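*Asks:* Could you have a look at this structure, given as structure tokens, before my questions?
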Amino acid sequence: ANLSVICSHSVNGVAKIHTEILKKSVLRPFYEYFPSKFNNKTNGITHRRWLMKANPDLCELISETIGHSWMAHATDLHKLSAHADDPLLGERIAMVKSCNKERLAAYVKRTTGQTINIDSIFDCHIKRIHNYKRQNLNVMHIMDLVNRIRENPSLDIEPRTFFFAGKAAPAYYQAKRTIKLINTVAAMIDADPLLREKLKVVFLENYRVSLAEIIIPAADVSEQISTASKEASGTGNMKFMMNGAVTIGTHDGANIEIRNEVGTENFVAFGLTADEVIDFQKRGGYNARAVYDANPRLRKVVDQLVSGELPAGREEFRELHDGFLHYNDEFFLLEDFVPYVAAQEQIDRLYKDKSRWRKMCIENIAHSGEFSSDNTIWEYAVGIWQVKP
């Protein structure tokens, strides 16, 4: 990397926060010596695949509402904002979403035999399985919901289906344990009539582009919960946004730019900032055991990993448990647990307000054109390659 910086005429990060981290810490000496080399080019996605191909019914509705220009110029999607308060458009977009949920449910039934409630919130966490991407934080929230429902069977929450998909590197033992945990919690919920009325967990095998094209148009909630400062950019958040999902996300990667673009009222943010994470890493001061001791609900969930309550061996998830308490929770799951649970409760309240939720969906679609890869490639052409686009 050092030699690459010296030999290159241009160095860029792939999201604004990533670029700033390169300049301030990772490559700071080089930035101080070669400040003019450094610039930002936020990653983008192609709306031709992730909207036009993956979600043709939504495309037809968009074109009927604002014309066809957005197909060539994705930023023209912003014209949808003028229709965000239109109840008829909101209802029609909801109908398209429902059809896409039926398609995903049919895929799940065909490939796994499981039945999905299409009237539930489709909460999707699809990405490579990795500790910093924090699938375990999502599972801990599900376990907390299980505990709350068992304590209060009349708990007023919207039924929710949690979809996970992603691959683990062959030698990444902790990631394999995460997949095992997801499936163990899924089995526990399926075995309990009380729980399965309100909750469902599905791990979809062999995650790939063609499967993503089925999942993403069906999603209500986009899980983008990596530890702040760890995700260089991420583009799954853009794909979900473009298909009308609402993001629950940390202050990381392109999440920040999505939130700034769509507005804080249309994005559910939580957790530590990148500066706070980096400060903990540089100066110390984080005490995972103290966080664990201070919160009974969190403590119960962490203890359940090794208590024998899960339908797996008592030691099956010992490494995950010890990573929190004996290795000081490297990716700050315990610190972000309470804010994450609060953000999930906000998602539940928002979804109950159908008109509010539909407006949020429209605004997300309307502002997604800013993240088209057409824009990114244009910036590379002009700013780095110095060729005519």
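Ligands are numbered from 1 in the order shown, residues from 1 within each chain, and chains are lettered A, B, ... in the order they appear in the structure tokens.
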Name the residues in contact with A:Glu151 at a cut-off of 12 Å, using only C-alpha atoms, excluding same-chain residues fewer than 5 positions from it; report them as a tab-separated table (two decimals) with all heavy atoms, in the first residue's frame.
*Replies:*
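To be explicit, this is the file written out as around-v3.tsv:
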chain	number	residue	atom	x	y	z
A	144	ASP	N	-33.40	-11.10	22.45
A	144	ASP	CA	-34.04	-10.21	23.41
A	144	ASP	C	-35.55	-10.16	23.17
A	144	ASP	O	-36.35	-10.16	24.12
A	144	ASP	CB	-33.43	-8.81	23.31
A	144	ASP	CG	-34.05	-7.82	24.29
A	144	ASP	OD1	-33.96	-8.06	25.50
A	144	ASP	OD2	-34.64	-6.82	23.82
A	145	LEU	N	-35.96	-10.12	21.88
A	145	LEU	CA	-37.39	-10.16	21.56
A	145	LEU	C	-38.01	-11.46	22.06
A	145	LEU	O	-39.13	-11.46	22.59
A	145	LEU	CB	-37.59	-10.03	20.05
A	145	LEU	CG	-37.55	-8.63	19.43
A	145	LEU	CD1	-37.71	-8.73	17.92
A	145	LEU	CD2	-38.65	-7.75	20.01
A	146	VAL	N	-37.31	-12.57	21.88
A	146	VAL	CA	-37.80	-13.86	22.37
A	146	VAL	C	-38.04	-13.79	23.88
A	146	VAL	O	-39.09	-14.21	24.38
A	146	VAL	CB	-36.78	-14.98	22.03
A	146	VAL	CG1	-37.09	-16.25	22.83
A	146	VAL	CG2	-36.79	-15.28	20.55
A	194	LEU	N	-45.83	-19.96	20.62
A	194	LEU	CA	-45.99	-18.57	21.05
A	194	LEU	C	-45.07	-17.65	20.25
A	194	LEU	O	-45.48	-16.58	19.78
A	194	LEU	CB	-45.68	-18.45	22.55
A	194	LEU	CG	-45.67	-17.03	23.14
A	194	LEU	CD1	-47.06	-16.40	23.05
A	194	LEU	CD2	-45.18	-17.07	24.58
A	195	LEU	N	-43.83	-18.08	20.06
A	195	LEU	CA	-42.84	-17.25	19.37
A	195	LEU	C	-43.11	-17.16	17.89
A	195	LEU	O	-42.99	-16.09	17.28
A	195	LEU	CB	-41.43	-17.78	19.62
A	195	LEU	CG	-40.93	-17.80	21.07
A	195	LEU	CD1	-39.58	-18.48	21.15
A	195	LEU	CD2	-40.84	-16.37	21.62
A	297	ARG	N	-31.10	-6.94	30.60
A	297	ARG	CA	-31.57	-7.58	29.37
A	297	ARG	C	-30.39	-8.04	28.52
A	297	ARG	O	-30.41	-9.15	27.95
A	297	ARG	CB	-32.46	-6.63	28.58
A	297	ARG	CG	-33.88	-6.58	29.11
A	297	ARG	CD	-34.70	-5.47	28.51
A	297	ARG	NE	-34.82	-5.52	27.06
A	297	ARG	CZ	-35.50	-4.61	26.35
A	297	ARG	NH1	-36.10	-3.60	26.97
A	297	ARG	NH2	-35.59	-4.72	25.04
*Asks:* Would you list, as a ChimeraX atom specification, the residues of stretch 16-197 of chain A that end up in helix (DSSP H, G or I) under DSSP run on this structure's backbone?
*Replies:* /A:16-26,28-33,35-37,47-53,56-66,69-71,74-83,87-112,131-133,135-151,173-190,193-196
*Asks:* Can you pull out every residue within 12 Å of A:Thr111, counting only C-alpha atoms, but drop anything in the same chain fewer than 2 positions away, and send it as a PyMOL selection string?
*Replies:* chain A and resi 104-109+113-115+202-206+211
*Asks:* For a test of reading the model, state the distance in Å between atom CA of A:Ala15 and atom CA of A:Thr250, rounded to one decimal.
*Replies:*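 We find that atom CA of A:Ala15 and atom CA of A:Thr250 lie 14.2 Å from each other.
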*Asks:* What are the closest atom pairs, with distances in Å to one decimal, for each residue of stretch 192-215 of chain A lying within 9 Å of stretch 117-123 of chain A, using only C-alpha atoms, rows by chain and rising residue number, as CSV?
*Replies:*
residue,atom,partner,partner_atom,distance
A:Lys198,CA,A:Ser120,CA,8.2
A:Leu199,CA,A:Ser120,CA,8.6
A:Lys200,CA,A:Asn117,CA,8.6
*Asks:* Which residues are near A:Ile6? Cut-off 12 Å, only C-alpha atoms, ignore same chain within fewer than 6 positions. Put them as a ChimeraX atom specification.
*Replies:* /A:27,29-31,33-35,37-38
*Asks:* For each of A:Lys239, A:His78, A:Lys354, A:Lys176, take the minimum atom-to-atom distance to A:Val209, counting only C-alpha atoms, then give the residue where this is smallest.
*Replies:*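 Checking each of A:Lys239, A:His78, A:Lys354, A:Lys176 against A:Val209, counting only C-alpha atoms, the winner is A:Lys239.
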*Asks:* Given the choices A:Leu350, A:Cys59, A:Leu51, A:Ala186, which gets closest to A:Ile157 if the distance is worked out from only C-alpha atoms?
*Replies:*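 Nearest candidate to A:Ile157 out of A:Leu350, A:Cys59, A:Leu51, A:Ala186: A:Leu350.
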